[in-house]
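One file, target10.pdb, is given below (PDB, C-alpha atoms).
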```
MODEL        1
ATOM      1  CA  MET N   1       0.000   0.000   0.000
ATOM      2  CA  ARG N   2       1.227   3.472  -0.871
ATOM      3  CA  ALA N   3      -0.200   6.898  -0.100
ATOM      4  CA  TYR N   4       0.512  10.539  -0.771
ATOM      5  CA  ALA N   5      -1.303  13.621   0.531
ATOM      6  CA  LYS N   6      -1.155  17.352  -0.038
ATOM      7  CA  THR N   7      -3.038  20.369   1.266
ATOM      8  CA  ASP N   8      -2.884  23.809  -0.316
ATOM      9  CA  ILE N   9      -4.283  27.206   0.673
ATOM     10  CA  GLY N  10      -5.671  27.821  -2.829
ATOM     11  CA  ARG N  11      -5.760  31.187  -4.563
ATOM     12  CA  SER N  12      -8.494  33.029  -2.653
ATOM     13  CA  ARG N  13      -8.284  32.123   1.038
ATOM     14  CA  LYS N  14      -6.107  33.875   3.620
ATOM     15  CA  SER N  15      -5.549  30.707   5.649
ATOM     16  CA  ASN N  16      -5.737  26.956   5.175
ATOM     17  CA  GLN N  17      -8.522  25.413   7.256
ATOM     18  CA  ASP N  18      -8.061  21.910   5.800
ATOM     19  CA  TYR N  19      -6.142  19.199   7.649
ATOM     20  CA  PHE N  20      -5.235  15.581   6.949
ATOM     21  CA  PHE N  21      -3.787  12.463   8.552
ATOM     22  CA  VAL N  22      -2.115   9.602   6.703
ATOM     23  CA  SER N  23      -0.730   6.334   8.073
ATOM     24  CA  THR N  24      -0.086   3.220   6.010
ATOM     25  CA  GLU N  25       1.095   1.581   9.243
ATOM     26  CA  PRO N  26      -1.185   0.323  12.051
ATOM     27  CA  VAL N  27      -2.943   2.901  14.210
ATOM     28  CA  GLY N  28      -4.175   1.193  17.367
ATOM     29  CA  PRO N  29      -6.195  -1.849  16.243
ATOM     30  CA  LEU N  30      -6.557  -0.555  12.679
ATOM     31  CA  PRO N  31      -4.088  -1.597   9.952
ATOM     32  CA  ASN N  32      -3.976   1.931   8.475
ATOM     33  CA  LEU N  33      -5.892   5.195   8.660
ATOM     34  CA  PHE N  34      -6.538   8.111   6.304
ATOM     35  CA  ILE N  35      -8.434  11.332   7.136
ATOM     36  CA  ALA N  36      -9.256  14.587   5.350
ATOM     37  CA  ALA N  37     -11.107  17.427   7.099
ATOM     38  CA  ASP N  38     -12.379  20.834   5.982
ATOM     39  CA  GLY N  39     -12.818  23.329   8.818
ATOM     40  CA  MET N  40     -15.379  26.110   8.941
ATOM     41  CA  GLY N  41     -16.383  28.926  11.227
ATOM     42  CA  GLY N  42     -13.906  31.725  10.590
ATOM     43  CA  HIS N  43     -10.111  31.808  10.552
ATOM     44  CA  ASN N  44      -9.314  30.634  14.091
ATOM     45  CA  ALA N  45     -12.378  28.448  14.526
ATOM     46  CA  GLY N  46     -12.017  26.614  11.202
ATOM     47  CA  ASP N  47      -8.302  25.991  11.652
ATOM     48  CA  PHE N  48      -8.937  24.712  15.154
ATOM     49  CA  ALA N  49     -11.810  22.391  14.272
ATOM     50  CA  SER N  50     -10.166  20.489  11.420
ATOM     51  CA  ARG N  51      -6.896  19.965  13.296
ATOM     52  CA  PHE N  52      -8.605  19.196  16.641
ATOM     53  CA  CYS N  53     -10.992  16.628  15.196
ATOM     54  CA  THR N  54      -8.393  14.921  13.012
ATOM     55  CA  GLU N  55      -5.808  14.627  15.784
ATOM     56  CA  HIS N  56      -8.334  13.615  18.440
ATOM     57  CA  LEU N  57      -9.903  10.983  16.186
ATOM     58  CA  ALA N  58      -6.481   9.440  15.511
ATOM     59  CA  ASP N  59      -5.720   9.519  19.248
ATOM     60  CA  TYR N  60      -9.054   7.848  20.050
ATOM     61  CA  VAL N  61      -8.251   5.062  17.579
ATOM     62  CA  ARG N  62      -4.800   4.545  19.114
ATOM     63  CA  ARG N  63      -6.336   4.043  22.569
ATOM     64  CA  SER N  64      -9.238   1.846  21.468
ATOM     65  CA  SER N  65      -9.566  -1.920  21.790
ATOM     66  CA  GLU N  66     -12.494  -2.044  19.305
ATOM     67  CA  LYS N  67     -11.395  -4.084  16.281
ATOM     68  CA  GLU N  68     -14.351  -3.572  13.926
ATOM     69  CA  PRO N  69     -13.339  -0.538  11.823
ATOM     70  CA  GLY N  70     -16.808   0.841  11.122
ATOM     71  CA  GLU N  71     -17.893   0.678  14.741
ATOM     72  CA  LEU N  72     -14.596   2.181  15.876
ATOM     73  CA  LEU N  73     -14.815   5.122  13.452
ATOM     74  CA  SER N  74     -18.442   5.787  14.409
ATOM     75  CA  ARG N  75     -17.650   5.807  18.116
ATOM     76  CA  ALA N  76     -14.580   7.935  17.541
ATOM     77  CA  VAL N  77     -16.371  10.631  15.576
ATOM     78  CA  ARG N  78     -19.170  10.898  18.160
ATOM     79  CA  GLU N  79     -16.652  11.240  20.996
ATOM     80  CA  VAL N  80     -14.604  13.792  19.063
ATOM     81  CA  ASN N  81     -17.744  15.799  18.354
ATOM     82  CA  ARG N  82     -18.567  15.873  22.062
ATOM     83  CA  GLU N  83     -15.048  17.072  22.832
ATOM     84  CA  LEU N  84     -15.212  19.774  20.146
ATOM     85  CA  LEU N  85     -18.547  21.087  21.429
ATOM     86  CA  ASP N  86     -17.125  21.165  24.942
ATOM     87  CA  ALA N  87     -14.025  23.075  23.813
ATOM     88  CA  ALA N  88     -16.144  25.591  21.877
ATOM     89  CA  SER N  89     -18.426  26.186  24.877
ATOM     90  CA  ARG N  90     -15.405  27.298  26.913
ATOM     91  CA  ASP N  91     -13.874  29.665  24.340
ATOM     92  CA  PRO N  92     -15.894  32.492  22.702
ATOM     93  CA  GLU N  93     -13.356  32.660  19.847
ATOM     94  CA  LEU N  94     -14.459  29.189  18.791
ATOM     95  CA  THR N  95     -18.120  30.120  18.326
ATOM     96  CA  GLY N  96     -19.382  28.471  15.163
ATOM     97  CA  THR N  97     -16.426  26.128  14.886
ATOM     98  CA  GLY N  98     -16.993  22.964  12.872
ATOM     99  CA  THR N  99     -15.549  20.693  10.258
ATOM    100  CA  THR N 100     -16.476  18.142   7.644
ATOM    101  CA  MET N 101     -14.532  14.891   7.649
ATOM    102  CA  VAL N 102     -13.939  11.772   5.602
ATOM    103  CA  ALA N 103     -11.914   8.856   6.981
ATOM    104  CA  ALA N 104     -10.991   5.458   5.580
ATOM    105  CA  VAL N 105      -9.402   2.168   6.549
ATOM    106  CA  ILE N 106      -8.399  -0.532   4.053
ATOM    107  CA  ARG N 107      -8.416  -4.095   5.352
ATOM    108  CA  SER N 108      -8.330  -7.382   3.431
ATOM    109  CA  GLY N 109      -9.577  -5.881   0.174
ATOM    110  CA  ILE N 110     -12.326  -3.769   1.756
ATOM    111  CA  CYS N 111     -12.277   0.008   2.165
ATOM    112  CA  ILE N 112     -14.327   1.075   5.178
ATOM    113  CA  THR N 113     -15.286   4.743   4.841
ATOM    114  CA  MET N 114     -16.807   7.196   7.306
ATOM    115  CA  ASN N 115     -17.969  10.636   6.222
ATOM    116  CA  ILE N 116     -19.776  13.613   7.639
ATOM    117  CA  GLY N 117     -20.354  16.725   5.538
ATOM    118  CA  ASP N 118     -19.214  17.134   1.943
ATOM    119  CA  SER N 119     -15.633  15.908   2.043
ATOM    120  CA  ARG N 120     -15.601  12.906  -0.268
ATOM    121  CA  LEU N 121     -14.064   9.519  -0.994
ATOM    122  CA  TYR N 122     -13.709   8.219  -4.546
ATOM    123  CA  HIS N 123     -12.820   4.722  -5.713
ATOM    124  CA  VAL N 124     -10.851   4.471  -8.957
ATOM    125  CA  SER N 125     -10.571   1.048 -10.582
ATOM    126  CA  GLY N 126      -9.371   0.694 -14.157
ATOM    127  CA  ASP N 127     -11.154   3.299 -16.268
ATOM    128  CA  ARG N 128     -13.943   3.876 -13.751
ATOM    129  CA  ILE N 129     -14.314   6.459 -10.989
ATOM    130  CA  ARG N 130     -17.087   6.190  -8.421
ATOM    131  CA  GLN N 131     -18.004   8.568  -5.628
ATOM    132  CA  ILE N 132     -18.547   6.360  -2.590
ATOM    133  CA  THR N 133     -19.675   8.969  -0.075
ATOM    134  CA  ARG N 134     -22.796  11.096  -0.372
ATOM    135  CA  ASP N 135     -22.612  14.773   0.479
ATOM    136  CA  HIS N 136     -24.500  15.925   3.546
ATOM    137  CA  SER N 137     -25.632  19.151   1.920
ATOM    138  CA  TYR N 138     -28.800  21.031   1.075
ATOM    139  CA  VAL N 139     -28.251  20.661  -2.665
ATOM    140  CA  GLN N 140     -27.707  16.898  -2.418
ATOM    141  CA  LYS N 141     -30.990  16.635  -0.534
ATOM    142  CA  MET N 142     -32.748  18.637  -3.246
ATOM    143  CA  VAL N 143     -31.175  16.465  -5.969
ATOM    144  CA  ASP N 144     -32.311  13.308  -4.168
ATOM    145  CA  MET N 145     -35.864  14.710  -4.045
ATOM    146  CA  GLY N 146     -35.784  15.519  -7.759
ATOM    147  CA  ARG N 147     -36.092  19.249  -7.099
ATOM    148  CA  MET N 148     -32.670  20.362  -8.344
ATOM    149  CA  GLU N 149     -30.195  19.360 -11.050
ATOM    150  CA  VAL N 150     -26.514  18.843 -10.390
ATOM    151  CA  GLY N 151     -24.572  21.773 -11.838
ATOM    152  CA  SER N 152     -27.598  24.061 -12.215
ATOM    153  CA  PRO N 153     -27.263  27.740 -11.177
ATOM    154  CA  ALA N 154     -29.274  27.059  -7.997
ATOM    155  CA  TYR N 155     -27.072  24.044  -7.223
ATOM    156  CA  LEU N 156     -23.870  26.047  -7.615
ATOM    157  CA  ARG N 157     -25.197  28.980  -5.545
ATOM    158  CA  GLN N 158     -26.194  26.819  -2.585
ATOM    159  CA  LYS N 159     -23.610  24.053  -2.718
ATOM    160  CA  ASN N 160     -21.847  25.152   0.481
ATOM    161  CA  TYR N 161     -24.900  24.708   2.744
ATOM    162  CA  ILE N 162     -23.875  21.700   4.832
ATOM    163  CA  THR N 163     -26.511  19.688   6.710
ATOM    164  CA  ARG N 164     -24.163  17.615   8.894
ATOM    165  CA  ALA N 165     -20.807  18.524  10.445
ATOM    166  CA  LEU N 166     -18.679  17.968  13.478
ATOM    167  CA  GLY N 167     -19.248  20.818  15.919
ATOM    168  CA  THR N 168     -23.035  20.599  15.637
ATOM    169  CA  SER N 169     -25.814  18.409  17.000
ATOM    170  CA  ALA N 170     -26.148  16.963  13.462
ATOM    171  CA  ALA N 171     -22.953  14.931  13.630
ATOM    172  CA  GLU N 172     -24.150  11.451  12.696
ATOM    173  CA  PRO N 173     -21.672   9.821  10.292
ATOM    174  CA  ASP N 174     -22.410   7.562   7.331
ATOM    175  CA  LEU N 175     -20.464   4.337   6.773
ATOM    176  CA  PHE N 176     -19.646   2.559   3.504
ATOM    177  CA  GLU N 177     -17.831  -0.637   2.558
ATOM    178  CA  THR N 178     -16.227  -0.943  -0.873
ATOM    179  CA  GLU N 179     -14.281  -3.790  -2.443
ATOM    180  CA  VAL N 180     -10.839  -2.704  -3.616
ATOM    181  CA  ARG N 181      -8.346  -4.699  -5.639
ATOM    182  CA  ASP N 182      -4.582  -4.389  -5.741
ATOM    183  CA  GLY N 183      -3.746  -1.319  -7.823
ATOM    184  CA  ASP N 184      -7.066   0.429  -7.214
ATOM    185  CA  ILE N 185      -6.868   4.004  -5.910
ATOM    186  CA  VAL N 186      -8.875   5.505  -3.091
ATOM    187  CA  LEU N 187      -9.021   9.312  -3.057
ATOM    188  CA  LEU N 188     -10.127  11.316  -0.031
ATOM    189  CA  CYS N 189     -10.597  15.013  -0.706
ATOM    190  CA  THR N 190     -12.202  18.253   0.394
ATOM    191  CA  ASP N 191     -14.588  20.288  -1.739
ATOM    192  CA  GLY N 192     -11.784  22.670  -2.675
ATOM    193  CA  LEU N 193     -10.779  19.959  -5.124
ATOM    194  CA  THR N 194     -14.180  18.697  -6.281
ATOM    195  CA  ASN N 195     -15.632  22.183  -6.795
ATOM    196  CA  MET N 196     -12.768  22.998  -9.169
ATOM    197  CA  VAL N 197     -12.011  19.665 -10.854
ATOM    198  CA  SER N 198     -14.592  17.356 -12.405
ATOM    199  CA  ASP N 199     -14.778  13.631 -11.694
ATOM    200  CA  GLU N 200     -13.685  12.980 -15.281
ATOM    201  CA  GLU N 201     -10.596  15.169 -14.853
ATOM    202  CA  ILE N 202      -9.754  13.451 -11.569
ATOM    203  CA  LEU N 203     -10.016  10.047 -13.274
ATOM    204  CA  LYS N 204      -7.813  11.144 -16.167
ATOM    205  CA  VAL N 205      -5.034  12.320 -13.867
ATOM    206  CA  LEU N 206      -5.144   9.217 -11.651
ATOM    207  CA  ARG N 207      -5.171   6.890 -14.664
ATOM    208  CA  THR N 208      -2.322   8.573 -16.542
ATOM    209  CA  GLU N 209       0.043   9.270 -13.635
ATOM    210  CA  GLU N 210       1.513   6.102 -12.174
ATOM    211  CA  ASP N 211       3.294   7.976  -9.386
ATOM    212  CA  LEU N 212       0.859   9.031  -6.634
ATOM    213  CA  GLU N 213       2.872  12.100  -5.674
ATOM    214  CA  THR N 214       2.812  13.386  -9.237
ATOM    215  CA  ALA N 215      -0.916  12.649  -9.528
ATOM    216  CA  VAL N 216      -1.838  14.484  -6.326
ATOM    217  CA  GLU N 217       0.370  17.444  -7.184
ATOM    218  CA  LYS N 218      -1.318  17.654 -10.591
ATOM    219  CA  LEU N 219      -4.803  17.506  -9.062
ATOM    220  CA  VAL N 220      -4.000  20.339  -6.661
ATOM    221  CA  GLY N 221      -2.400  22.331  -9.458
ATOM    222  CA  LEU N 222      -5.449  21.803 -11.651
ATOM    223  CA  ALA N 223      -7.781  23.007  -8.877
ATOM    224  CA  ASN N 224      -5.699  26.171  -8.567
ATOM    225  CA  ALA N 225      -5.554  26.645 -12.345
ATOM    226  CA  ASN N 226      -9.360  26.411 -12.463
ATOM    227  CA  GLY N 227      -9.776  29.140  -9.866
ATOM    228  CA  GLY N 228      -8.569  27.784  -6.531
ATOM    229  CA  ARG N 229     -11.493  29.366  -4.703
ATOM    230  CA  ASP N 230     -11.022  27.285  -1.539
ATOM    231  CA  ASN N 231      -8.407  25.317   0.354
ATOM    232  CA  ILE N 232      -7.548  22.081  -1.445
ATOM    233  CA  THR N 233      -6.718  18.714   0.115
ATOM    234  CA  ALA N 234      -6.210  15.365  -1.597
ATOM    235  CA  VAL N 235      -5.164  12.047  -0.056
ATOM    236  CA  ALA N 236      -4.510   9.280  -2.589
ATOM    237  CA  VAL N 237      -4.010   5.657  -1.538
ATOM    238  CA  ARG N 238      -3.090   2.804  -3.861
ATOM    239  CA  ALA N 239      -4.303  -0.529  -2.531
ATOM    240  CA  GLY N 240      -1.810  -3.361  -2.290
ATOM    241  CA  GLU N 241      -1.054  -6.054   0.209
ATOM    242  CA  GLN N 242      -3.453  -5.484   3.071
ATOM    243  CA  GLU N 243      -2.582  -5.677   6.732
ATOM    244  CA  GLU N 244      -4.919  -7.697   8.924
ATOM    245  CA  LEU N 245      -6.283  -6.259  12.131
ATOM    246  CA  CYS N 246      -4.051  -6.871  15.153
TER     247      CYS N 246
ENDMDL
END
```
Spit out the file's structure as structure tokens when you get a sec.
Amino acid sequence: MRAYAKTDIGRSRKSNQDYFFVSTEPVGPLPNLFIAADGMGGHNAGDFASRFCTEHLADYVRRSSEKEPGELLSRAVREVNRELLDAASRDPELTGTGTTMVAAVIRSGICITMNIGDSRLYHVSGDRIRQITRDHSYVQKMVDMGRMEVGSPAYLRQKNYITRALGTSAAEPDLFETEVRDGDIVLLCTDGLTNMVSDEEILKVLRTEEDLETAVEKLVGLANANGGRDNITAVAVRAGEQEELC
């Protein structure tokens, strides 16, 4: 298994409120762990939330004896949300703090994914790209109800209205399990990438660049070339020999 990650401030923001964690080695009872988070709530609050939740989730996993990845990630994100709300209640500068998050573990040919908000995970296999996560957003809800079209003016205007996030009472994560084969790529990313680069462009880069570092650097560069209106984070993982749970 190989992985490469990059975060970039973009071309419009004054600070980078994204944060990531990457380990191809065991983290507590998990054989590996990958996280991407997109903070919100102003400069200090957004920076704090993404870093706090990412680091505290990884710490929770390290201390846990739970060996089922989905259950462990669900428990971890609920505990981290409680801790974030507690921290915000004690510091007025953290009012409105919150973050989206996507996390993944790959074990024995299965990618277990947890997401909350609109940070995404994609699975790339051969010439196919598939979005595994579903955005927790107002526009996704409208699309699901048949009341809005993806890419329409209304969709683009309201795309940043998130319906679930850490730092709120609506912090229930979704879980997904996806079969992955050796050589498949799993991509975790924030909306600073997906708002600027289409799924087709992402697929083209990941298919044509064998080296993960080059691929991720190109994706971030493409997001900036297309406007770079937000912070950009991409975590690419190529599946290989899988570690079993300890």
Checklist entry - Mind telling me what the PyMOL selection byres ((chain N and resi 172) around 10) catches here, as an MDAnalysis selection string? => result chainID N and resid 74 77:78 81 115:117 164:166 168:171 173:175
Checklist entry - For the file shown, what are the residues hit by the PyMOL selection byres ((chain N and resi 223) around 9), laid out as a list in words? => result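 So the PyMOL selection byres ((chain N and resi 223) around 9) ends up selecting Gly10, Gly192, Leu193, Thr194, Asn195, Met196, Val197, Lys218, Leu219, Val220, Gly221, Leu222, Asn224, Ala225, Asn226, Gly227, Gly228, Arg229 and Ile232 of chain N.
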Checklist entry - Between N:Leu188, N:Leu73, N:Ile129, N:Leu57, which is the closest to N:Glu200 once you count all atoms listed in the file? => result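 Selected residue with least distance to N:Glu200: N:Ile129.
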Do a neighbour search on N:Ser64 at 12 Å with only C-alpha atoms, toss out local chain neighbours closer than 2 positions, and write the hits as a tab-separated table (two decimals) with C-alpha atoms, in the frame of the given file.
```tsv
chain	number	residue	atom	x	y	z
N	27	VAL	CA	-2.94	2.90	14.21
N	28	GLY	CA	-4.18	1.19	17.37
N	29	PRO	CA	-6.20	-1.85	16.24
N	30	LEU	CA	-6.56	-0.56	12.68
N	57	LEU	CA	-9.90	10.98	16.19
N	58	ALA	CA	-6.48	9.44	15.51
N	59	ASP	CA	-5.72	9.52	19.25
N	60	TYR	CA	-9.05	7.85	20.05
N	61	VAL	CA	-8.25	5.06	17.58
N	62	ARG	CA	-4.80	4.54	19.11
N	66	GLU	CA	-12.49	-2.04	19.30
N	67	LYS	CA	-11.40	-4.08	16.28
N	68	GLU	CA	-14.35	-3.57	13.93
N	69	PRO	CA	-13.34	-0.54	11.82
N	71	GLU	CA	-17.89	0.68	14.74
N	72	LEU	CA	-14.60	2.18	15.88
N	73	LEU	CA	-14.82	5.12	13.45
N	75	ARG	CA	-17.65	5.81	18.12
N	76	ALA	CA	-14.58	7.94	17.54
N	79	GLU	CA	-16.65	11.24	21.00
N	246	CYS	CA	-4.05	-6.87	15.15
```
Just say which residues the PyMOL selection byres ((chain N and resi 122-124) around 10) picks in this file, as a tab-separated table (two decimals) with C-alpha atoms, keeping the file's coordinate frame.
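The result, stored in result01.tsv:
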```tsv
chain	number	residue	atom	x	y	z
N	111	CYS	CA	-12.28	0.01	2.16
N	120	ARG	CA	-15.60	12.91	-0.27
N	121	LEU	CA	-14.06	9.52	-0.99
N	125	SER	CA	-10.57	1.05	-10.58
N	126	GLY	CA	-9.37	0.69	-14.16
N	127	ASP	CA	-11.15	3.30	-16.27
N	128	ARG	CA	-13.94	3.88	-13.75
N	129	ILE	CA	-14.31	6.46	-10.99
N	130	ARG	CA	-17.09	6.19	-8.42
N	131	GLN	CA	-18.00	8.57	-5.63
N	132	ILE	CA	-18.55	6.36	-2.59
N	133	THR	CA	-19.68	8.97	-0.08
N	178	THR	CA	-16.23	-0.94	-0.87
N	179	GLU	CA	-14.28	-3.79	-2.44
N	180	VAL	CA	-10.84	-2.70	-3.62
N	183	GLY	CA	-3.75	-1.32	-7.82
N	184	ASP	CA	-7.07	0.43	-7.21
N	185	ILE	CA	-6.87	4.00	-5.91
N	186	VAL	CA	-8.88	5.50	-3.09
N	187	LEU	CA	-9.02	9.31	-3.06
N	188	LEU	CA	-10.13	11.32	-0.03
N	189	CYS	CA	-10.60	15.01	-0.71
N	199	ASP	CA	-14.78	13.63	-11.69
N	202	ILE	CA	-9.75	13.45	-11.57
N	203	LEU	CA	-10.02	10.05	-13.27
N	206	LEU	CA	-5.14	9.22	-11.65
N	207	ARG	CA	-5.17	6.89	-14.66
N	236	ALA	CA	-4.51	9.28	-2.59
N	237	VAL	CA	-4.01	5.66	-1.54
N	238	ARG	CA	-3.09	2.80	-3.86
```
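Taking all atoms listed in the file into account, the polymer residues that have an atom no farther than 8 Å from (-11.9, 16.6, 6.7) are Asp18, Tyr19, Phe20, Ile35, Ala36, Ala37, Asp38, Gly39, Ser50, Thr54, Thr99, Thr100, Met101, Val102, Ala103, Ser119, Cys189 and Thr190 of chain N.
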Checklist outcome for this item: Here atom CA of N:Arg134 and atom CA of N:Ala104 stand apart by 14.4 Å
Item to check | Separation of atom CA of N:Glu210 from atom CA of N:Ala5, in Å and rounded to one decimal | outcome: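 For atom CA of N:Glu210 relative to atom CA of N:Ala5, the distance reads 15.0 Å.
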Checklist outcome for this item: Pairwise distance, atom CA of N:Asn44 with atom CA of N:Ala234, equals 22.1 Å
Next on the checklist: I need every residue sitting at most 12 Å from the point (-10.4, 28.5, 15.7) (coordinates as in the file, all atoms listed in the file considered), written as a PyMOL selection string.
Outcome noted: chain N and resi 15-17+39-53+84+87-88+91-99+167
Residues from last step as file, C-alpha atoms, as an mmCIF file, in the coordinates of the input:
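Produced file part_32.cif, reproduced below:
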```cif
data_model
loop_
_atom_site.group_PDB
_atom_site.id
_atom_site.type_symbol
_atom_site.label_atom_id
_atom_site.label_comp_id
_atom_site.auth_asym_id
_atom_site.auth_seq_id
_atom_site.Cartn_x
_atom_site.Cartn_y
_atom_site.Cartn_z
ATOM 1 C CA SER N 15 -5.549 30.707 5.649
ATOM 2 C CA ASN N 16 -5.737 26.956 5.175
ATOM 3 C CA GLN N 17 -8.522 25.413 7.256
ATOM 4 C CA GLY N 39 -12.818 23.329 8.818
ATOM 5 C CA MET N 40 -15.379 26.110 8.941
ATOM 6 C CA GLY N 41 -16.383 28.926 11.227
ATOM 7 C CA GLY N 42 -13.906 31.725 10.590
ATOM 8 C CA HIS N 43 -10.111 31.808 10.552
ATOM 9 C CA ASN N 44 -9.314 30.634 14.091
ATOM 10 C CA ALA N 45 -12.378 28.448 14.526
ATOM 11 C CA GLY N 46 -12.017 26.614 11.202
ATOM 12 C CA ASP N 47 -8.302 25.991 11.652
ATOM 13 C CA PHE N 48 -8.937 24.712 15.154
ATOM 14 C CA ALA N 49 -11.810 22.391 14.272
ATOM 15 C CA SER N 50 -10.166 20.489 11.420
ATOM 16 C CA ARG N 51 -6.896 19.965 13.296
ATOM 17 C CA PHE N 52 -8.605 19.196 16.641
ATOM 18 C CA CYS N 53 -10.992 16.628 15.196
ATOM 19 C CA LEU N 84 -15.212 19.774 20.146
ATOM 20 C CA ALA N 87 -14.025 23.075 23.813
ATOM 21 C CA ALA N 88 -16.144 25.591 21.877
ATOM 22 C CA ASP N 91 -13.874 29.665 24.340
ATOM 23 C CA PRO N 92 -15.894 32.492 22.702
ATOM 24 C CA GLU N 93 -13.356 32.660 19.847
ATOM 25 C CA LEU N 94 -14.459 29.189 18.791
ATOM 26 C CA THR N 95 -18.120 30.120 18.326
ATOM 27 C CA GLY N 96 -19.382 28.471 15.163
ATOM 28 C CA THR N 97 -16.426 26.128 14.886
ATOM 29 C CA GLY N 98 -16.993 22.964 12.872
ATOM 30 C CA THR N 99 -15.549 20.693 10.258
ATOM 31 C CA GLY N 167 -19.248 20.818 15.919
#
```
Incomplete stretch 21-40 of chain N filled out to N, CA and C atoms as a compact mmCIF listing (two decimals), in the coordinates of the input:
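Written out: selection-v3.txt:
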```txt
# COMPACT_ATOMS: atom_id res chain seq x y z
N PHE N 21 -4.59 13.45 7.82
CA PHE N 21 -3.79 12.46 8.55
C PHE N 21 -3.61 11.26 7.64
N VAL N 22 -2.40 10.75 7.55
CA VAL N 22 -2.12 9.60 6.70
C VAL N 22 -1.20 8.64 7.45
N SER N 23 -1.61 7.38 7.55
CA SER N 23 -0.73 6.33 8.07
C SER N 23 -1.00 5.04 7.34
N THR N 24 0.01 4.53 6.64
CA THR N 24 -0.09 3.22 6.01
C THR N 24 0.32 2.11 6.99
N GLU N 25 0.75 2.52 8.18
CA GLU N 25 1.10 1.58 9.24
C GLU N 25 -0.06 1.49 10.24
N PRO N 26 -0.08 0.46 11.09
CA PRO N 26 -1.18 0.32 12.05
C PRO N 26 -1.34 1.52 12.97
N VAL N 27 -2.59 1.86 13.24
CA VAL N 27 -2.94 2.90 14.21
C VAL N 27 -3.88 2.23 15.22
N GLY N 28 -3.39 1.98 16.42
CA GLY N 28 -4.18 1.19 17.37
C GLY N 28 -4.53 -0.14 16.75
N PRO N 29 -5.79 -0.56 16.81
CA PRO N 29 -6.20 -1.85 16.24
C PRO N 29 -6.43 -1.82 14.73
N LEU N 30 -6.32 -0.66 14.12
CA LEU N 30 -6.56 -0.56 12.68
C LEU N 30 -5.25 -0.73 11.90
N PRO N 31 -5.30 -1.35 10.73
CA PRO N 31 -4.09 -1.60 9.95
C PRO N 31 -3.54 -0.36 9.26
N ASN N 32 -4.36 0.68 9.12
CA ASN N 32 -3.98 1.93 8.48
C ASN N 32 -5.09 2.93 8.75
N LEU N 33 -4.85 4.19 8.44
CA LEU N 33 -5.89 5.20 8.66
C LEU N 33 -5.60 6.42 7.81
N PHE N 34 -6.65 6.94 7.16
CA PHE N 34 -6.54 8.11 6.30
C PHE N 34 -7.70 9.05 6.61
N ILE N 35 -7.41 10.35 6.77
CA ILE N 35 -8.43 11.33 7.14
C ILE N 35 -8.21 12.62 6.35
N ALA N 36 -9.29 13.23 5.90
CA ALA N 36 -9.26 14.59 5.35
C ALA N 36 -10.40 15.37 5.98
N ALA N 37 -10.11 16.60 6.42
CA ALA N 37 -11.11 17.43 7.10
C ALA N 37 -11.06 18.84 6.56
N ASP N 38 -12.22 19.47 6.52
CA ASP N 38 -12.38 20.83 5.98
C ASP N 38 -13.07 21.69 7.04
N GLY N 39 -12.29 22.53 7.72
CA GLY N 39 -12.82 23.33 8.82
C GLY N 39 -13.66 24.49 8.35
N MET N 40 -14.53 24.96 9.25
CA MET N 40 -15.38 26.11 8.94
C MET N 40 -15.65 26.88 10.23
```
